Amino acid sequence: MNLNLSDSLADELKLLKEWILASRGIIVTGHINPDGDNIGSQLALGEYFDSIGKKFILLDEDPVPAFLRFLPNTHLLKTLRETEVDISAYDLAIVVDSGDIGRIGDVAGVFNQSIKIVNIDHHLGNTRFGDLNIIHEKASSIGEILYYFFRINDIRISPEAASDIYTSIITDTGFFRYDQTSPEVHMIAADLISHGISPNYFHIQLNMMKSLGYTKLLSLMLSRMELAEDNSIAYSYLLNDDFNGYPDIDTDTMIEYLGTLDSVSVYFLIKEKKPQLFGASLRSKYDVDVAKIASVLGGGGHMRAAGCRKIGRAHV
Ligand SMILES: [Mn+2]
């Protein structure tokens, strides 16, 4: 596939390789409550650093969610709680998938002044907090940007890195359904499939491996569904107590069931993540901009998928 990158993006991706080669040690991190794009892109970078013998650590505030543990080498992803970081060994930090530095949570606390930060992101309104900012708002995912990084710098995409990039893309595009699913996304997928990726395997791992607890929580969530505005808005909630007996269940994709009703245009799911700490995920089927709604509540995201965290009871 021919890469059709803007000159500025191509230059930034080449500069990134120079910074990587020149660095003594690299910290790779992403946002709290990590998703498939975040984890996939960190692991893909780890595969590359491993192949060139570069010292690196993949470090996040939160652990890898269970549904992504099928990916190769997830043991390389560490949390601050389980690992001691000798910060003097690192002079470069690569932050993926985070619109502002606050999204990486506690990990920002280990950075010191001498660490250079590379900010790789595709969110609208990224605050450009890095020393090098590689912001490609049209990209489906960080995985897509890393595919360009590998290709333009003639870096071999190992089978493991291919799995990581493919996972980034399919999780952030909802399996090629959302707006950012460009012709390029399909061409990248075609290339990855020709390198041995089995789409059915990823579908089974990501969609068809739910636990019994997941099914029970889903049924509870659907039983609480409410409709408003001539049935164009659907919403539901999950309370902290609902998770008793079902720790670690990933409910991120459950919200999509609220949008399956034909009359629904906007749908949202409120979750009490810790007692009295509520977060909301919002989705839009057509042209309502839910990122604007989320921003009023201190959150953000994309036009059709947004969220906000730490909203108090008074807002709900
Ligand atoms: Mn992303």
# chains A, B, ... in the order shown; residues from 1 in each chain; ligands from 1
$ residues_near_ligand --ligand "ligand 1" --cutoff "7 Å" --atoms "only C-alpha atoms and all ligand atoms" --output "list in words"
Asp37, Asn38, Asp97, His122, Ser141, Ile142 and Asp172 of chain A
$ residues_around --residues "stretch 275-291 of chain A" --least-positions-apart "5" --cutoff "9 Å" --atoms "only C-alpha atoms" --output "ChimeraX atom specification"
/A:237,239-241,252,255-256,259,264-270,296,299-313,316
$ write_last_selection --atoms "N, CA, C and O atoms" --output "short mmCIF file (atom, residue, chain, number, x, y, z; two decimals), in the first residue's frame"
data_model
loop_
_atom_site.label_atom_id
_atom_site.label_comp_id
_atom_site.auth_asym_id
_atom_site.auth_seq_id
_atom_site.Cartn_x
_atom_site.Cartn_y
_atom_site.Cartn_z
N TYR A 237 -28.19 2.59 33.88
CA TYR A 237 -27.12 2.81 34.86
C TYR A 237 -26.71 1.49 35.50
O TYR A 237 -27.47 0.51 35.50
N LEU A 239 -24.84 0.43 39.23
CA LEU A 239 -24.37 0.95 40.51
C LEU A 239 -23.21 0.12 41.03
O LEU A 239 -23.02 -1.04 40.63
N ASN A 240 -22.46 0.73 41.92
CA ASN A 240 -21.30 0.04 42.48
C ASN A 240 -21.68 -1.32 43.06
O ASN A 240 -20.96 -2.31 42.85
N ASP A 241 -22.79 -1.39 43.75
CA ASP A 241 -23.21 -2.65 44.37
C ASP A 241 -23.51 -3.74 43.34
O ASP A 241 -23.42 -4.93 43.64
N ASP A 252 -17.43 -1.73 29.14
CA ASP A 252 -17.29 -0.63 28.19
C ASP A 252 -18.18 -0.76 26.96
O ASP A 252 -18.66 0.24 26.44
N ILE A 255 -22.83 -0.43 26.52
CA ILE A 255 -23.64 0.72 26.15
C ILE A 255 -24.25 0.55 24.76
O ILE A 255 -25.34 1.05 24.47
N GLU A 256 -23.56 -0.16 23.88
CA GLU A 256 -24.04 -0.27 22.50
C GLU A 256 -25.42 -0.90 22.41
O GLU A 256 -26.17 -0.61 21.48
N GLY A 259 -28.31 1.49 22.08
CA GLY A 259 -28.52 2.18 20.81
C GLY A 259 -29.15 1.32 19.73
O GLY A 259 -29.41 1.79 18.63
N VAL A 264 -33.89 5.29 18.70
CA VAL A 264 -32.88 5.96 19.53
C VAL A 264 -31.84 6.66 18.69
O VAL A 264 -31.34 6.12 17.69
N SER A 265 -31.52 7.91 19.09
CA SER A 265 -30.48 8.69 18.44
C SER A 265 -29.28 8.90 19.36
O SER A 265 -28.13 8.79 18.95
N VAL A 266 -29.57 9.20 20.63
CA VAL A 266 -28.50 9.42 21.62
C VAL A 266 -28.74 8.45 22.78
O VAL A 266 -29.88 8.23 23.19
N TYR A 267 -27.66 7.87 23.27
CA TYR A 267 -27.82 6.94 24.38
C TYR A 267 -26.64 7.08 25.32
O TYR A 267 -25.53 7.42 24.91
N PHE A 268 -26.92 6.88 26.58
CA PHE A 268 -25.83 7.00 27.55
C PHE A 268 -26.00 6.03 28.71
O PHE A 268 -27.11 5.58 29.01
N LEU A 269 -24.88 5.69 29.30
CA LEU A 269 -24.84 4.75 30.41
C LEU A 269 -24.05 5.38 31.54
O LEU A 269 -22.91 5.83 31.34
N ILE A 270 -24.67 5.44 32.70
CA ILE A 270 -24.02 6.00 33.89
C ILE A 270 -23.55 4.85 34.76
O ILE A 270 -24.30 3.90 35.01
N VAL A 296 -19.36 19.74 28.85
CA VAL A 296 -20.06 20.53 29.88
C VAL A 296 -19.89 19.87 31.26
O VAL A 296 -19.86 20.53 32.29
N GLY A 299 -15.83 16.31 30.76
CA GLY A 299 -15.25 15.20 30.01
C GLY A 299 -14.94 15.61 28.58
O GLY A 299 -14.70 16.79 28.30
N GLY A 300 -14.94 14.65 27.69
CA GLY A 300 -14.64 14.95 26.30
C GLY A 300 -14.70 13.69 25.47
O GLY A 300 -15.21 12.66 25.93
N GLY A 301 -14.16 13.76 24.27
CA GLY A 301 -14.14 12.58 23.41
C GLY A 301 -14.41 12.95 21.98
O GLY A 301 -13.99 14.01 21.51
N HIS A 302 -15.12 12.09 21.31
CA HIS A 302 -15.41 12.27 19.90
C HIS A 302 -16.89 12.62 19.73
O HIS A 302 -17.69 12.44 20.65
N MET A 303 -17.26 13.05 18.51
CA MET A 303 -18.63 13.48 18.27
C MET A 303 -19.64 12.37 18.60
O MET A 303 -20.69 12.62 19.17
N ARG A 304 -19.32 11.14 18.24
CA ARG A 304 -20.29 10.06 18.45
C ARG A 304 -19.97 9.15 19.63
O ARG A 304 -20.71 8.21 19.90
N ALA A 305 -18.85 9.42 20.29
CA ALA A 305 -18.51 8.61 21.46
C ALA A 305 -17.73 9.50 22.42
O ALA A 305 -16.65 9.97 22.09
N ALA A 306 -18.29 9.74 23.57
CA ALA A 306 -17.63 10.62 24.53
C ALA A 306 -17.92 10.11 25.94
O ALA A 306 -18.69 9.17 26.13
N GLY A 307 -17.27 10.75 26.89
CA GLY A 307 -17.49 10.30 28.26
C GLY A 307 -17.02 11.34 29.24
O GLY A 307 -16.31 12.29 28.90
N CYS A 308 -17.46 11.19 30.47
CA CYS A 308 -16.95 12.05 31.53
C CYS A 308 -16.85 11.22 32.80
O CYS A 308 -17.61 10.28 33.01
N ARG A 309 -15.87 11.56 33.61
CA ARG A 309 -15.57 10.81 34.80
C ARG A 309 -15.75 11.73 35.99
O ARG A 309 -15.72 12.95 35.85
N LYS A 310 -15.91 11.16 37.14
CA LYS A 310 -15.94 11.93 38.38
C LYS A 310 -17.06 12.96 38.38
O LYS A 310 -16.86 14.11 38.78
N ILE A 311 -18.23 12.60 37.88
CA ILE A 311 -19.35 13.51 38.06
C ILE A 311 -20.04 13.15 39.38
O ILE A 311 -20.17 11.99 39.72
N GLY A 312 -20.41 14.17 40.11
CA GLY A 312 -21.01 13.94 41.42
C GLY A 312 -22.47 13.59 41.31
O GLY A 312 -23.08 13.69 40.25
N ARG A 313 -23.05 13.20 42.42
CA ARG A 313 -24.44 12.76 42.42
C ARG A 313 -25.37 13.89 41.98
O ARG A 313 -26.39 13.64 41.33
N VAL A 316 -26.36 13.88 38.32
CA VAL A 316 -26.91 12.70 37.66
C VAL A 316 -28.43 12.73 37.64
O VAL A 316 -29.04 13.12 38.61
#
$ closest_residue --among "A:Ala139, A:Asp262, A:Pro199, A:Leu220" --to "A:Val185" --atoms "only C-alpha atoms"
A:Ala139
$ residues_around --residues "A:Leu261" --least-positions-apart "4" --cutoff "10 Å" --atoms "only C-alpha atoms" --output "list in words"
Asn231, Ser232, Ile233, Ala234, Tyr257 and Ser265 of chain A
$ residues_around --residues "A:Leu3" --least-positions-apart "5" --cutoff "12 Å" --atoms "only C-alpha atoms" --output "PDB file with N, CA, C and O atoms, in the first residue's frame"
ATOM      1  N   LEU A   9       3.311  15.153   8.895  1.00  0.00           N
ATOM      2  CA  LEU A   9       3.199  13.888   9.635  1.00  0.00           C
ATOM      3  C   LEU A   9       4.397  12.996   9.338  1.00  0.00           C
ATOM      4  O   LEU A   9       4.980  12.387  10.242  1.00  0.00           O
ATOM      5  N   ALA A  10       4.772  12.939   8.063  1.00  0.00           N
ATOM      6  CA  ALA A  10       5.926  12.105   7.696  1.00  0.00           C
ATOM      7  C   ALA A  10       7.182  12.573   8.431  1.00  0.00           C
ATOM      8  O   ALA A  10       7.944  11.755   8.970  1.00  0.00           O
ATOM      9  N   GLU A 144      -3.218   3.065  13.954  1.00  0.00           N
ATOM     10  CA  GLU A 144      -3.065   3.511  12.562  1.00  0.00           C
ATOM     11  C   GLU A 144      -1.829   4.405  12.420  1.00  0.00           C
ATOM     12  O   GLU A 144      -1.032   4.244  11.483  1.00  0.00           O
ATOM     13  N   ILE A 145      -1.644   5.341  13.353  1.00  0.00           N
ATOM     14  CA  ILE A 145      -0.479   6.234  13.294  1.00  0.00           C
ATOM     15  C   ILE A 145       0.812   5.421  13.425  1.00  0.00           C
ATOM     16  O   ILE A 145       1.794   5.676  12.719  1.00  0.00           O
ATOM     17  N   TYR A 147       1.206   2.306  12.533  1.00  0.00           N
ATOM     18  CA  TYR A 147       1.410   1.606  11.265  1.00  0.00           C
ATOM     19  C   TYR A 147       2.208   2.501  10.311  1.00  0.00           C
ATOM     20  O   TYR A 147       3.178   2.059   9.697  1.00  0.00           O
ATOM     21  N   TYR A 148       1.798   3.780  10.217  1.00  0.00           N
ATOM     22  CA  TYR A 148       2.542   4.718   9.363  1.00  0.00           C
ATOM     23  C   TYR A 148       3.972   4.882   9.859  1.00  0.00           C
ATOM     24  O   TYR A 148       4.907   4.967   9.056  1.00  0.00           O
ATOM     25  N   PHE A 149       4.133   4.930  11.195  1.00  0.00           N
ATOM     26  CA  PHE A 149       5.479   5.056  11.777  1.00  0.00           C
ATOM     27  C   PHE A 149       6.366   3.875  11.364  1.00  0.00           C
ATOM     28  O   PHE A 149       7.511   4.060  10.931  1.00  0.00           O
ATOM     29  N   PHE A 150       5.836   2.672  11.483  1.00  0.00           N
ATOM     30  CA  PHE A 150       6.613   1.490  11.107  1.00  0.00           C
ATOM     31  C   PHE A 150       6.951   1.527   9.620  1.00  0.00           C
ATOM     32  O   PHE A 150       8.092   1.288   9.216  1.00  0.00           O
ATOM     33  N   ARG A 151       5.953   1.823   8.815  1.00  0.00           N
ATOM     34  CA  ARG A 151       6.150   1.736   7.370  1.00  0.00           C
ATOM     35  C   ARG A 151       7.109   2.808   6.854  1.00  0.00           C
ATOM     36  O   ARG A 151       8.014   2.523   6.062  1.00  0.00           O
ATOM     37  N   ILE A 152       6.929   4.058   7.266  1.00  0.00           N
ATOM     38  CA  ILE A 152       7.732   5.138   6.708  1.00  0.00           C
ATOM     39  C   ILE A 152       9.191   5.032   7.156  1.00  0.00           C
ATOM     40  O   ILE A 152      10.094   5.511   6.470  1.00  0.00           O
ATOM     41  N   ASN A 153       9.407   4.359   8.280  1.00  0.00           N
ATOM     42  CA  ASN A 153      10.774   4.190   8.770  1.00  0.00           C
ATOM     43  C   ASN A 153      11.350   2.807   8.442  1.00  0.00           C
ATOM     44  O   ASN A 153      12.396   2.430   8.975  1.00  0.00           O
ATOM     45  N   ASP A 154      10.627   2.067   7.568  1.00  0.00           N
ATOM     46  CA  ASP A 154      11.091   0.732   7.162  1.00  0.00           C
ATOM     47  C   ASP A 154      11.368  -0.188   8.338  1.00  0.00           C
ATOM     48  O   ASP A 154      12.367  -0.910   8.371  1.00  0.00           O
ATOM     49  N   PRO A 183     -10.735   4.762   3.927  1.00  0.00           N
ATOM     50  CA  PRO A 183     -10.131   3.791   3.010  1.00  0.00           C
ATOM     51  C   PRO A 183      -8.765   3.310   3.507  1.00  0.00           C
ATOM     52  O   PRO A 183      -8.433   2.129   3.371  1.00  0.00           O
ATOM     53  N   GLU A 184      -8.003   4.225   4.120  1.00  0.00           N
ATOM     54  CA  GLU A 184      -6.675   3.841   4.624  1.00  0.00           C
ATOM     55  C   GLU A 184      -6.785   2.738   5.681  1.00  0.00           C
ATOM     56  O   GLU A 184      -5.969   1.816   5.723  1.00  0.00           O
ATOM     57  N   VAL A 185      -7.801   2.866   6.552  1.00  0.00           N
ATOM     58  CA  VAL A 185      -7.979   1.860   7.606  1.00  0.00           C
ATOM     59  C   VAL A 185      -8.166   0.477   6.989  1.00  0.00           C
ATOM     60  O   VAL A 185      -7.564  -0.509   7.423  1.00  0.00           O
ATOM     61  N   MET A 187      -7.202  -0.472   4.041  1.00  0.00           N
ATOM     62  CA  MET A 187      -5.969  -0.913   3.367  1.00  0.00           C
ATOM     63  C   MET A 187      -4.938  -1.409   4.380  1.00  0.00           C
ATOM     64  O   MET A 187      -4.232  -2.387   4.111  1.00  0.00           O
ATOM     65  N   ILE A 188      -4.874  -0.739   5.530  1.00  0.00           N
ATOM     66  CA  ILE A 188      -3.965  -1.213   6.581  1.00  0.00           C
ATOM     67  C   ILE A 188      -4.403  -2.598   7.051  1.00  0.00           C
ATOM     68  O   ILE A 188      -3.588  -3.514   7.197  1.00  0.00           O
TER      69      ILE A 188
END
$ residues_around --residues "A:Ile39" --least-positions-apart "2" --cutoff "9 Å" --atoms "only C-alpha atoms" --output "list in words"
Thr29, Gly30, Pro34, Asp35, Gly36, Asp37, Ser41, Gln42, Leu43, Ala44, Val64, Leu68, Thr74, Leu77, Asp164, Thr167 and Ser168 of chain A
$ residues_around --residues "stretch 46-62 of chain A" --least-positions-apart "4" --cutoff "6 Å" --atoms "only C-alpha atoms" --output "JSON, numbers by chain"
{"A": [25, 26, 27, 28, 29, 32, 77, 78, 79, 106]}
$ select_by_dssp --residues "stretch 29-204 of chain A" --states "strand (DSSP E or B)" --output "list in words"
Thr29, Phe56, Ile57, Leu58, Leu59, Asp60, Leu77, Lys78, Thr79, Leu92, Ala93, Ile94, Val95, Val96, Lys116, Ile117, Val118, Asn119, Ile120, Asp121, Leu132, Asn133, Ile134 and Ile135 of chain A
$ write_last_selection --atoms "N, CA and C atoms" --output "short mmCIF file (atom, residue, chain, number, x, y, z; two decimals), in the first residue's frame"
data_model
loop_
_atom_site.label_atom_id
_atom_site.label_comp_id
_atom_site.auth_asym_id
_atom_site.auth_seq_id
_atom_site.Cartn_x
_atom_site.Cartn_y
_atom_site.Cartn_z
N THR A 29 3.45 5.23 27.93
CA THR A 29 2.25 5.21 28.78
C THR A 29 1.03 5.66 27.98
N PHE A 56 13.23 -0.09 27.81
CA PHE A 56 11.92 0.55 27.84
C PHE A 56 11.07 -0.04 28.95
N ILE A 57 10.05 0.72 29.33
CA ILE A 57 9.03 0.20 30.25
C ILE A 57 7.67 0.68 29.76
N LEU A 58 6.70 -0.23 29.79
CA LEU A 58 5.32 0.14 29.47
C LEU A 58 4.61 0.33 30.81
N LEU A 59 4.22 1.55 31.11
CA LEU A 59 3.79 1.90 32.46
C LEU A 59 2.45 2.64 32.44
N ASP A 60 1.48 2.11 33.19
CA ASP A 60 0.16 2.75 33.24
C ASP A 60 -0.32 2.86 34.68
N LEU A 77 3.32 -4.84 30.43
CA LEU A 77 2.63 -3.64 30.92
C LEU A 77 2.57 -3.65 32.43
N LYS A 78 3.17 -2.63 33.05
CA LYS A 78 3.26 -2.58 34.50
C LYS A 78 2.45 -1.41 35.03
N THR A 79 1.99 -1.55 36.27
CA THR A 79 1.38 -0.41 36.95
C THR A 79 2.37 0.14 37.96
N LEU A 92 13.13 9.64 27.77
CA LEU A 92 12.08 9.88 26.78
C LEU A 92 10.79 9.21 27.26
N ALA A 93 9.68 9.93 27.13
CA ALA A 93 8.38 9.34 27.45
C ALA A 93 7.49 9.47 26.22
N ILE A 94 6.85 8.39 25.86
CA ILE A 94 5.89 8.43 24.76
C ILE A 94 4.50 8.22 25.34
N VAL A 95 3.64 9.21 25.16
CA VAL A 95 2.28 9.18 25.70
C VAL A 95 1.32 8.96 24.54
N VAL A 96 0.53 7.89 24.61
CA VAL A 96 -0.38 7.58 23.51
C VAL A 96 -1.83 7.82 23.91
N LYS A 116 12.03 14.10 27.93
CA LYS A 116 11.32 14.67 26.78
C LYS A 116 10.05 13.85 26.54
N ILE A 117 8.98 14.55 26.20
CA ILE A 117 7.69 13.88 26.03
C ILE A 117 7.27 13.91 24.57
N VAL A 118 6.91 12.72 24.07
CA VAL A 118 6.30 12.62 22.74
C VAL A 118 4.83 12.31 22.93
N ASN A 119 3.99 13.10 22.31
CA ASN A 119 2.55 13.03 22.48
C ASN A 119 1.96 12.52 21.15
N ILE A 120 1.49 11.28 21.15
CA ILE A 120 0.90 10.71 19.93
C ILE A 120 -0.59 10.54 20.16
N ASP A 121 -1.39 11.26 19.39
CA ASP A 121 -2.82 11.24 19.70
C ASP A 121 -3.67 11.52 18.47
N LEU A 132 7.43 16.82 21.40
CA LEU A 132 7.10 16.47 20.02
C LEU A 132 5.64 16.01 20.03
N ASN A 133 4.82 16.69 19.22
CA ASN A 133 3.39 16.36 19.18
C ASN A 133 3.05 15.76 17.83
N ILE A 134 2.61 14.50 17.85
CA ILE A 134 2.20 13.84 16.61
C ILE A 134 0.69 13.64 16.70
N ILE A 135 -0.02 14.65 16.25
CA ILE A 135 -1.48 14.67 16.42
C ILE A 135 -2.10 14.50 15.03
#
$ atom_distance --atom1 "atom CA of A:Tyr90" --atom2 "atom CA of A:Val110"
10.6 Å
$ residues_around --residues "A:Gln180" --least-positions-apart "4" --cutoff "7 Å" --atoms "only C-alpha atoms" --output "list in words"
Lys138, Ala139, Ser140 and Thr173 of chain A
$ select_by_dssp --residues "stretch 50-232 of chain A" --states "helix (DSSP H, G or I)" --output "PyMOL selection string"
chain A and resi 50-51+66-68+74-76+80-82+87-89+101-110+142-152+159-172+183-194+199-207+212-223
$ atom_distance --atom1 "atom CA of A:Leu238" --atom2 "atom CA of A:Ile293"
20.3 Å
$ atom_distance --atom1 "atom CA of A:Asp179" --atom2 "atom CA of A:Pro65"
25.3 Å
